[in-house]
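data_12.cif follows (mmCIF, N, CA, C and O atoms and all ligand atoms):
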data_entry
loop_
_atom_site.label_atom_id
_atom_site.label_comp_id
_atom_site.auth_asym_id
_atom_site.auth_seq_id
_atom_site.Cartn_x
_atom_site.Cartn_y
_atom_site.Cartn_z
N MET A 96 -21.11 44.16 16.40
CA MET A 96 -20.64 42.87 16.90
C MET A 96 -19.15 42.97 17.23
O MET A 96 -18.38 43.53 16.46
N THR A 97 -18.78 42.42 18.39
CA THR A 97 -17.38 42.47 18.80
C THR A 97 -16.56 41.44 18.04
O THR A 97 -16.97 40.29 17.89
N ARG A 98 -15.42 41.86 17.55
CA ARG A 98 -14.55 40.95 16.81
C ARG A 98 -13.73 40.14 17.80
O ARG A 98 -13.08 40.69 18.68
N LYS A 99 -13.76 38.81 17.66
CA LYS A 99 -13.02 37.95 18.59
C LYS A 99 -11.57 37.81 18.17
O LYS A 99 -11.25 37.86 16.99
N SER A 100 -10.72 37.63 19.17
CA SER A 100 -9.30 37.40 18.88
C SER A 100 -9.11 35.97 18.39
O SER A 100 -9.99 35.11 18.57
N VAL A 101 -7.97 35.71 17.79
CA VAL A 101 -7.66 34.36 17.32
C VAL A 101 -7.70 33.38 18.49
O VAL A 101 -8.25 32.28 18.39
N ASP A 102 -7.16 33.77 19.63
CA ASP A 102 -7.15 32.88 20.79
C ASP A 102 -8.57 32.56 21.26
O ASP A 102 -8.88 31.43 21.63
N GLU A 103 -9.45 33.56 21.22
CA GLU A 103 -10.85 33.32 21.62
C GLU A 103 -11.53 32.37 20.65
O GLU A 103 -12.28 31.48 21.05
N LEU A 104 -11.24 32.54 19.37
CA LEU A 104 -11.83 31.66 18.36
C LEU A 104 -11.29 30.24 18.51
O LEU A 104 -12.04 29.27 18.40
N LEU A 105 -10.00 30.12 18.76
CA LEU A 105 -9.42 28.79 18.93
C LEU A 105 -9.98 28.08 20.15
O LEU A 105 -10.09 26.86 20.18
N ALA A 106 -10.38 28.87 21.15
CA ALA A 106 -10.93 28.28 22.37
C ALA A 106 -12.27 27.61 22.12
O ALA A 106 -12.73 26.81 22.93
N THR A 107 -12.92 27.92 20.99
CA THR A 107 -14.20 27.27 20.68
C THR A 107 -13.98 25.94 19.97
O THR A 107 -14.93 25.23 19.67
N THR A 108 -12.74 25.61 19.72
CA THR A 108 -12.41 24.39 19.01
C THR A 108 -11.71 23.43 19.97
O THR A 108 -10.99 23.87 20.86
N ARG A 109 -11.93 22.14 19.81
CA ARG A 109 -11.35 21.18 20.74
C ARG A 109 -10.10 20.55 20.13
O ARG A 109 -10.07 20.20 18.95
N PHE A 110 -9.07 20.42 20.94
CA PHE A 110 -7.83 19.82 20.49
C PHE A 110 -7.44 18.66 21.40
O PHE A 110 -7.60 18.75 22.61
N GLU A 111 -6.96 17.61 20.80
CA GLU A 111 -6.30 16.54 21.56
C GLU A 111 -4.85 16.61 21.12
O GLU A 111 -4.45 15.99 20.14
N THR A 112 -4.09 17.40 21.80
CA THR A 112 -2.74 17.68 21.34
C THR A 112 -1.74 16.63 21.79
O THR A 112 -1.73 16.23 22.95
N ASP A 113 -0.96 16.19 20.84
CA ASP A 113 0.16 15.31 21.14
C ASP A 113 1.35 16.23 21.45
O ASP A 113 2.04 16.69 20.55
N GLU A 114 1.52 16.52 22.73
CA GLU A 114 2.53 17.50 23.14
C GLU A 114 3.95 17.08 22.76
O GLU A 114 4.83 17.90 22.57
N HIS A 115 4.17 15.77 22.69
CA HIS A 115 5.54 15.28 22.53
C HIS A 115 5.93 15.00 21.08
O HIS A 115 7.10 14.88 20.77
N ASN A 116 4.95 14.86 20.22
CA ASN A 116 5.25 14.56 18.82
C ASN A 116 4.62 15.61 17.91
O ASN A 116 3.44 15.52 17.60
N ALA A 117 5.42 16.58 17.56
CA ALA A 117 4.91 17.63 16.68
C ALA A 117 4.66 17.06 15.29
O ALA A 117 5.52 16.39 14.73
N HIS A 118 3.46 17.31 14.76
CA HIS A 118 3.17 16.79 13.42
C HIS A 118 3.75 17.67 12.32
O HIS A 118 3.84 17.25 11.17
N ILE A 119 4.13 18.89 12.69
CA ILE A 119 4.82 19.78 11.75
C ILE A 119 6.15 20.15 12.39
O ILE A 119 6.19 20.56 13.55
N VAL A 120 7.21 19.98 11.63
CA VAL A 120 8.55 20.30 12.16
C VAL A 120 9.22 21.28 11.22
O VAL A 120 9.19 21.12 9.99
N ILE A 121 9.80 22.32 11.80
CA ILE A 121 10.60 23.27 11.02
C ILE A 121 11.94 23.45 11.71
O ILE A 121 12.11 23.07 12.88
N ASP A 122 12.87 24.04 11.00
CA ASP A 122 14.18 24.36 11.57
C ASP A 122 14.20 25.88 11.82
O ASP A 122 14.33 26.65 10.86
N PRO A 123 14.01 26.31 13.06
CA PRO A 123 13.87 27.74 13.35
C PRO A 123 15.04 28.59 12.86
O PRO A 123 14.83 29.72 12.39
N GLN A 124 16.26 28.08 12.95
CA GLN A 124 17.42 28.85 12.49
C GLN A 124 17.51 28.87 10.97
O GLN A 124 17.83 29.89 10.35
N ALA A 125 17.23 27.72 10.35
CA ALA A 125 17.30 27.66 8.89
C ALA A 125 16.27 28.58 8.24
O ALA A 125 16.43 28.98 7.09
N CYS A 126 15.22 28.91 8.98
CA CYS A 126 14.20 29.81 8.45
C CYS A 126 14.76 31.21 8.17
O CYS A 126 14.12 32.01 7.49
N ARG A 127 15.97 31.49 8.66
CA ARG A 127 16.61 32.78 8.33
C ARG A 127 16.79 32.92 6.83
O ARG A 127 16.79 34.02 6.29
N THR A 128 17.03 31.81 6.19
CA THR A 128 17.28 31.84 4.74
C THR A 128 16.06 31.32 3.98
O THR A 128 16.20 30.60 3.00
N CYS A 129 14.91 31.71 4.44
CA CYS A 129 13.66 31.24 3.84
C CYS A 129 13.59 31.58 2.35
O CYS A 129 13.79 32.73 1.96
N PRO A 130 13.30 30.56 1.52
CA PRO A 130 13.14 30.84 0.09
C PRO A 130 11.71 31.23 -0.28
O PRO A 130 11.41 31.48 -1.44
N SER A 131 10.82 31.26 0.74
CA SER A 131 9.39 31.48 0.47
C SER A 131 8.87 32.77 1.08
O SER A 131 7.67 32.91 1.35
N ASP A 132 9.78 33.72 1.32
CA ASP A 132 9.38 35.03 1.83
C ASP A 132 8.61 34.94 3.15
O ASP A 132 7.75 35.76 3.43
N ARG A 133 8.91 33.93 3.95
CA ARG A 133 8.25 33.69 5.25
C ARG A 133 6.73 33.75 5.14
O ARG A 133 6.04 34.33 5.99
N ALA A 134 6.24 33.17 4.09
CA ALA A 134 4.79 33.20 3.84
C ALA A 134 4.01 32.42 4.89
O ALA A 134 2.80 32.61 5.04
N CYS A 135 4.68 31.56 5.65
CA CYS A 135 3.99 30.81 6.71
C CYS A 135 3.36 31.77 7.71
O CYS A 135 2.27 31.50 8.23
N VAL A 136 4.02 32.89 7.98
CA VAL A 136 3.54 33.82 9.02
C VAL A 136 2.17 34.38 8.65
O VAL A 136 1.25 34.40 9.47
N THR A 137 2.01 34.81 7.43
CA THR A 137 0.75 35.44 7.03
C THR A 137 -0.29 34.43 6.58
O THR A 137 -1.48 34.74 6.53
N SER A 138 0.11 33.22 6.28
CA SER A 138 -0.86 32.25 5.76
C SER A 138 -1.49 31.37 6.84
O SER A 138 -2.48 30.70 6.58
N CYS A 139 -0.93 31.37 8.03
CA CYS A 139 -1.46 30.49 9.08
C CYS A 139 -2.63 31.17 9.81
O CYS A 139 -2.44 32.18 10.49
N PRO A 140 -3.83 30.64 9.68
CA PRO A 140 -4.99 31.27 10.32
C PRO A 140 -4.95 31.19 11.84
O PRO A 140 -5.65 31.93 12.52
N ALA A 141 -4.13 30.29 12.38
CA ALA A 141 -4.04 30.14 13.83
C ALA A 141 -2.83 30.87 14.40
O ALA A 141 -2.55 30.76 15.60
N GLN A 142 -2.13 31.59 13.55
CA GLN A 142 -0.96 32.38 13.98
C GLN A 142 0.06 31.53 14.74
O GLN A 142 0.54 31.92 15.80
N ARG A 143 0.38 30.37 14.18
CA ARG A 143 1.35 29.47 14.83
C ARG A 143 2.79 29.85 14.53
O ARG A 143 3.71 29.41 15.22
N TYR A 144 2.99 30.62 13.49
CA TYR A 144 4.35 31.02 13.09
C TYR A 144 4.56 32.49 13.43
O TYR A 144 3.79 33.36 13.02
N VAL A 145 5.62 32.78 14.18
CA VAL A 145 5.95 34.17 14.52
C VAL A 145 7.44 34.37 14.31
O VAL A 145 8.26 33.61 14.86
N TRP A 146 7.79 35.34 13.49
CA TRP A 146 9.20 35.64 13.30
C TRP A 146 9.69 36.45 14.49
O TRP A 146 9.17 37.51 14.81
N ASP A 147 10.73 35.92 15.19
CA ASP A 147 11.30 36.56 16.37
C ASP A 147 12.51 37.38 15.92
O ASP A 147 13.59 36.84 15.69
N GLU A 148 12.28 38.66 15.78
CA GLU A 148 13.32 39.55 15.26
C GLU A 148 14.55 39.57 16.18
O GLU A 148 15.69 39.51 15.71
N ALA A 149 14.31 39.63 17.48
CA ALA A 149 15.42 39.71 18.43
C ALA A 149 16.28 38.45 18.41
O ALA A 149 17.51 38.52 18.45
N ALA A 150 15.63 37.31 18.35
CA ALA A 150 16.36 36.03 18.34
C ALA A 150 16.79 35.63 16.93
O ALA A 150 17.56 34.68 16.76
N ASP A 151 16.30 36.35 15.94
CA ASP A 151 16.62 36.07 14.54
C ASP A 151 16.29 34.62 14.18
O ASP A 151 17.11 33.90 13.60
N GLN A 152 15.09 34.20 14.56
CA GLN A 152 14.66 32.85 14.21
C GLN A 152 13.13 32.75 14.27
O GLN A 152 12.47 33.63 14.82
N MET A 153 12.63 31.69 13.68
CA MET A 153 11.18 31.49 13.66
C MET A 153 10.73 30.84 14.96
O MET A 153 11.43 29.97 15.50
N ARG A 154 9.60 31.27 15.47
CA ARG A 154 8.97 30.57 16.59
C ARG A 154 7.74 29.87 16.04
O ARG A 154 6.93 30.49 15.35
N PHE A 155 7.65 28.59 16.31
CA PHE A 155 6.52 27.81 15.82
C PHE A 155 6.02 26.90 16.91
O PHE A 155 6.80 26.29 17.63
N ASP A 156 4.69 26.81 17.05
CA ASP A 156 4.08 25.94 18.05
C ASP A 156 2.99 25.12 17.36
O ASP A 156 2.02 25.68 16.85
N HIS A 157 3.15 23.80 17.34
CA HIS A 157 2.17 22.95 16.66
C HIS A 157 0.86 22.85 17.45
O HIS A 157 -0.17 22.48 16.90
N VAL A 158 0.90 23.20 18.75
CA VAL A 158 -0.30 23.15 19.57
C VAL A 158 -1.25 24.25 19.09
O VAL A 158 -0.88 25.42 19.02
N GLY A 159 -2.46 23.89 18.74
CA GLY A 159 -3.42 24.86 18.22
C GLY A 159 -3.48 24.88 16.71
O GLY A 159 -4.24 25.67 16.14
N CYS A 160 -2.72 24.02 16.07
CA CYS A 160 -2.76 23.93 14.60
C CYS A 160 -4.13 23.43 14.15
O CYS A 160 -4.67 22.49 14.72
N LEU A 161 -4.68 24.06 13.13
CA LEU A 161 -6.00 23.70 12.62
C LEU A 161 -5.93 22.69 11.48
O LEU A 161 -6.95 22.35 10.88
N GLU A 162 -4.72 22.25 11.14
CA GLU A 162 -4.51 21.24 10.09
C GLU A 162 -5.07 21.67 8.73
O GLU A 162 -5.56 20.84 7.96
N CYS A 163 -5.00 22.96 8.46
CA CYS A 163 -5.54 23.46 7.19
C CYS A 163 -4.62 23.18 6.02
O CYS A 163 -5.06 23.12 4.88
N GLY A 164 -3.32 23.05 6.28
CA GLY A 164 -2.36 22.76 5.22
C GLY A 164 -1.80 23.98 4.51
O GLY A 164 -0.99 23.85 3.59
N ASN A 165 -2.21 25.18 4.91
CA ASN A 165 -1.72 26.38 4.24
C ASN A 165 -0.19 26.48 4.27
O ASN A 165 0.44 26.81 3.27
N CYS A 166 0.39 26.20 5.44
CA CYS A 166 1.85 26.36 5.54
C CYS A 166 2.57 25.39 4.62
O CYS A 166 3.61 25.71 4.05
N ARG A 167 2.00 24.23 4.45
CA ARG A 167 2.61 23.25 3.55
C ARG A 167 2.57 23.73 2.10
O ARG A 167 3.47 23.48 1.31
N LEU A 168 1.50 24.44 1.77
CA LEU A 168 1.38 24.95 0.40
C LEU A 168 2.36 26.08 0.12
O LEU A 168 2.95 26.14 -0.95
N VAL A 169 2.51 26.98 1.09
CA VAL A 169 3.30 28.18 0.82
C VAL A 169 4.78 28.01 1.13
O VAL A 169 5.61 28.77 0.63
N CYS A 170 5.14 27.03 1.94
CA CYS A 170 6.54 26.84 2.33
C CYS A 170 7.17 25.76 1.43
O CYS A 170 6.80 24.59 1.50
N GLU A 171 8.11 26.20 0.65
CA GLU A 171 8.79 25.27 -0.27
C GLU A 171 9.45 24.13 0.50
O GLU A 171 9.40 22.97 0.08
N ARG A 172 10.05 24.43 1.65
CA ARG A 172 10.76 23.40 2.40
C ARG A 172 9.81 22.38 3.02
O ARG A 172 10.10 21.18 3.04
N LEU A 173 8.67 22.84 3.52
CA LEU A 173 7.69 21.89 4.06
C LEU A 173 7.09 21.05 2.94
O LEU A 173 6.89 19.85 3.07
N ARG A 174 6.83 21.71 1.82
CA ARG A 174 6.19 21.01 0.69
C ARG A 174 7.10 19.91 0.14
O ARG A 174 6.68 18.82 -0.20
N LEU A 175 8.40 20.22 0.08
CA LEU A 175 9.35 19.27 -0.52
C LEU A 175 9.99 18.36 0.52
O LEU A 175 10.76 17.47 0.17
N GLY A 176 9.69 18.59 1.82
CA GLY A 176 10.28 17.77 2.87
C GLY A 176 11.78 17.95 2.97
O GLY A 176 12.54 16.98 3.11
N ALA A 177 12.22 19.20 2.90
CA ALA A 177 13.65 19.50 3.02
C ALA A 177 14.16 19.06 4.38
O ALA A 177 13.38 18.88 5.33
N GLU A 178 15.47 18.91 4.50
CA GLU A 178 16.06 18.48 5.77
C GLU A 178 15.64 19.44 6.89
O GLU A 178 15.77 20.66 6.76
N GLY A 179 15.12 18.88 7.99
CA GLY A 179 14.70 19.70 9.13
C GLY A 179 13.25 20.16 9.04
O GLY A 179 12.78 20.84 9.94
N TYR A 180 12.57 19.80 7.94
CA TYR A 180 11.19 20.25 7.74
C TYR A 180 10.31 19.05 7.38
O TYR A 180 10.66 18.25 6.50
N SER A 181 9.17 18.95 8.05
CA SER A 181 8.22 17.89 7.67
C SER A 181 6.81 18.30 8.07
O SER A 181 6.61 19.07 9.02
N TRP A 182 5.86 17.82 7.31
CA TRP A 182 4.44 18.12 7.57
C TRP A 182 3.67 16.82 7.49
O TRP A 182 3.70 16.11 6.49
N ASN A 183 2.97 16.49 8.56
CA ASN A 183 2.11 15.31 8.61
C ASN A 183 0.86 15.65 9.40
O ASN A 183 0.85 16.60 10.19
N TYR A 184 -0.18 14.87 9.19
CA TYR A 184 -1.33 15.00 10.06
C TYR A 184 -0.96 14.39 11.41
O TYR A 184 -0.10 13.51 11.49
N PRO A 185 -1.62 14.83 12.49
CA PRO A 185 -1.34 14.24 13.80
C PRO A 185 -1.68 12.75 13.80
O PRO A 185 -2.47 12.28 12.97
N ALA A 186 -1.10 12.04 14.76
CA ALA A 186 -1.41 10.62 14.90
C ALA A 186 -2.90 10.45 15.15
O ALA A 186 -3.57 11.37 15.64
N THR A 187 -3.42 9.28 14.81
CA THR A 187 -4.85 9.00 14.98
C THR A 187 -5.31 9.33 16.40
O THR A 187 -4.66 8.93 17.37
N GLY A 188 -6.40 10.06 16.49
CA GLY A 188 -6.95 10.41 17.80
C GLY A 188 -6.46 11.75 18.31
O GLY A 188 -7.04 12.31 19.23
N ALA A 189 -5.40 12.28 17.70
CA ALA A 189 -4.88 13.58 18.12
C ALA A 189 -5.30 14.64 17.11
O ALA A 189 -5.82 14.33 16.04
N GLY A 190 -5.08 15.89 17.48
CA GLY A 190 -5.36 16.98 16.56
C GLY A 190 -6.67 17.68 16.86
O GLY A 190 -7.25 17.55 17.93
N VAL A 191 -7.13 18.42 15.86
CA VAL A 191 -8.29 19.28 16.04
C VAL A 191 -9.59 18.53 15.80
O VAL A 191 -9.65 17.62 14.97
N SER A 192 -10.63 18.90 16.55
CA SER A 192 -11.99 18.43 16.29
C SER A 192 -12.86 19.66 16.15
O SER A 192 -12.98 20.45 17.09
N TYR A 193 -13.44 19.84 14.98
CA TYR A 193 -14.28 21.01 14.77
C TYR A 193 -15.65 20.79 15.38
O TYR A 193 -16.29 19.77 15.14
N ARG A 194 -16.09 21.76 16.15
CA ARG A 194 -17.36 21.60 16.84
C ARG A 194 -18.54 22.08 16.00
O ARG A 194 -19.67 21.70 16.27
N GLN A 195 -18.26 22.96 15.05
CA GLN A 195 -19.37 23.53 14.28
C GLN A 195 -19.21 23.23 12.80
O GLN A 195 -19.45 24.07 11.95
N GLY A 196 -18.79 22.02 12.48
CA GLY A 196 -18.67 21.59 11.10
C GLY A 196 -17.37 21.97 10.45
O GLY A 196 -16.51 22.52 11.06
S1 LIG A 201 8.01 29.56 4.84
FE1 LIG A 201 9.05 27.67 5.61
S2 LIG A 201 11.25 28.09 5.45
FE2 LIG A 201 10.16 30.02 5.28
S3 LIG A 201 10.12 30.86 7.35
FE3 LIG A 201 8.22 29.71 7.07
S4 LIG A 201 8.65 27.63 7.83
FE4 LIG A 201 10.63 28.67 7.53
S1 LIG A 202 -1.57 23.56 8.99
FE1 LIG A 202 -2.67 25.53 8.95
S2 LIG A 202 -3.12 25.99 11.10
FE2 LIG A 202 -1.55 24.38 11.09
S3 LIG A 202 0.38 25.50 11.27
FE3 LIG A 202 -0.02 25.17 9.06
S4 LIG A 202 -1.09 27.01 8.36
FE4 LIG A 202 -1.17 26.97 10.60
#

Let me see the structure of the file written as structure tokens.
Amino acid sequence: MTRKSVDELLATTRFETDEHNAHIVIDPQACRTCPSDRACVTSCPAQRYVWDEAADQMRFDHVGCLECGNCRLVCERLRLGAEGYSWNYPATGAGVSYRQG
């Protein structure tokens, strides 16, 4: 059986993305001094967090978020709502809709 890429798997899921209001906010520059060993990168099943070595900052895109909450658990700043960091579910009607349960 062929292993599907994350993008192919995400394509089987439906999103109503609120492009203008990110439900998860991080401070890409402040992530340089991450107290959580950048655990967001390895814990996000949708690969929304990518450390940009050249730019020396985090790249994050809320579009395609599966709302699993992993990043909130592993990131001390998201969990505690530190300045520049917040985690919320998308506004009503937005976000992911799982097609297969
Ligand atoms: S775990 Fe939190 S503070 Fe650390 S890099 Fe990820 S988003 Fe930034
Ligand atoms: S809630 Fe889950 S899918 Fe969304 S960004 Fe966080 S870890 Fe990734």

Give me, as CSV, the closest atom pair and its distance (Å, one decimal) for every residue of chain A within a cut-off of 12 Å of ligand LIG 201 (chain A), counting only C-alpha atoms and all ligand atoms, rows sorted by chain and rising number.
residue,atom,partner,partner_atom,distance
A:Ile119,CA,A:LIG201,S4,9.6
A:Val120,CA,A:LIG201,S4,8.5
A:Ile121,CA,A:LIG201,S4,5.7
A:Asp122,CA,A:LIG201,FE4,6.9
A:Pro123,CA,A:LIG201,FE4,6.7
A:Gln124,CA,A:LIG201,FE4,8.4
A:Ala125,CA,A:LIG201,FE4,6.9
A:Cys126,CA,A:LIG201,FE4,3.9
A:Arg127,CA,A:LIG201,S3,6.8
A:Thr128,CA,A:LIG201,S2,7.1
A:Cys129,CA,A:LIG201,FE2,4.0
A:Pro130,CA,A:LIG201,FE2,6.0
A:Ser131,CA,A:LIG201,S1,5.0
A:Asp132,CA,A:LIG201,FE2,6.1
A:Arg133,CA,A:LIG201,S3,4.0
A:Ala134,CA,A:LIG201,S1,5.0
A:Cys135,CA,A:LIG201,FE3,4.4
A:Val136,CA,A:LIG201,FE3,6.5
A:Thr137,CA,A:LIG201,FE3,9.4
A:Ser138,CA,A:LIG201,S1,9.3
A:Cys139,CA,A:LIG201,FE3,9.9
A:Gln142,CA,A:LIG201,FE3,11.8
A:Arg143,CA,A:LIG201,S4,10.3
A:Tyr144,CA,A:LIG201,FE3,7.3
A:Val145,CA,A:LIG201,S3,8.9
A:Trp146,CA,A:LIG201,S3,7.7
A:Asp147,CA,A:LIG201,S3,10.7
A:Asp151,CA,A:LIG201,S3,11.0
A:Gln152,CA,A:LIG201,S3,8.5
A:Met153,CA,A:LIG201,S3,6.4
A:Arg154,CA,A:LIG201,S4,9.2
A:Phe155,CA,A:LIG201,S4,8.3
A:Asp156,CA,A:LIG201,S4,11.3
A:His157,CA,A:LIG201,S4,11.9
A:Asn165,CA,A:LIG201,S1,10.3
A:Cys166,CA,A:LIG201,S1,7.0
A:Arg167,CA,A:LIG201,FE1,8.1
A:Leu168,CA,A:LIG201,S1,9.2
A:Val169,CA,A:LIG201,S1,6.3
A:Cys170,CA,A:LIG201,S1,4.0
A:Glu171,CA,A:LIG201,FE1,6.4
A:Arg172,CA,A:LIG201,FE1,5.6
A:Leu173,CA,A:LIG201,FE1,6.1
A:Arg174,CA,A:LIG201,FE1,8.8
A:Leu175,CA,A:LIG201,FE1,10.4
A:Gly176,CA,A:LIG201,FE1,10.3
A:Ala177,CA,A:LIG201,S2,9.2
A:Glu178,CA,A:LIG201,S2,10.8
A:Gly179,CA,A:LIG201,S2,9.8
A:Tyr180,CA,A:LIG201,S4,7.8
A:Ser181,CA,A:LIG201,S4,9.8
A:Trp182,CA,A:LIG201,S4,10.4

Please extract the residues of chain A with a backbone DSSP assignment of alpha helix (DSSP H) and present them as number ranges by chain. A: 101-105, 134-138, 165-169, 171-175

What does the structure give for the distance between CA of Val101 (chain A) and CA of Ala141 (chain A), in Å to one decimal?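 Separating CA of Val101 (chain A) from CA of Ala141 (chain A) is a distance of 6.6 Å.
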
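For region 138-178 of chain A, a DSSP pass over the backbone yields strand (DSSP E) at A:Tyr144, A:Val145, A:Trp146, A:Asp147, A:Gln152, A:Met153, A:Arg154, A:Phe155.
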
Just how far from CA of Glu103 (chain A) is CA of Thr187 (chain A), in Å to one decimal?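 Between these atoms lies a distance of 25.9 Å.
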
Please indicate the distance in Å from atom C of Cys163 (chain A) to CA of Ala150 (chain A), rounded to one decimal place.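 Distance reported for this atom pair: 27.5 Å.
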
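The shortest atom-to-atom distance to ligand LIG 202 (chain A), with only C-alpha atoms and all ligand atoms taken into account, belongs to A:Leu161 out of A:Ala186, A:Ala149, A:Leu161, A:Leu105.
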
Among the residues A:Met96, A:Ala106, A:Ala117, A:Cys160, the one that comes closest to ligand LIG 202 (chain A) [using all atoms listed in the file]: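 When distances to ligand LIG 202 (chain A) are compared using all atoms listed in the file, the smallest one comes from A:Cys160.
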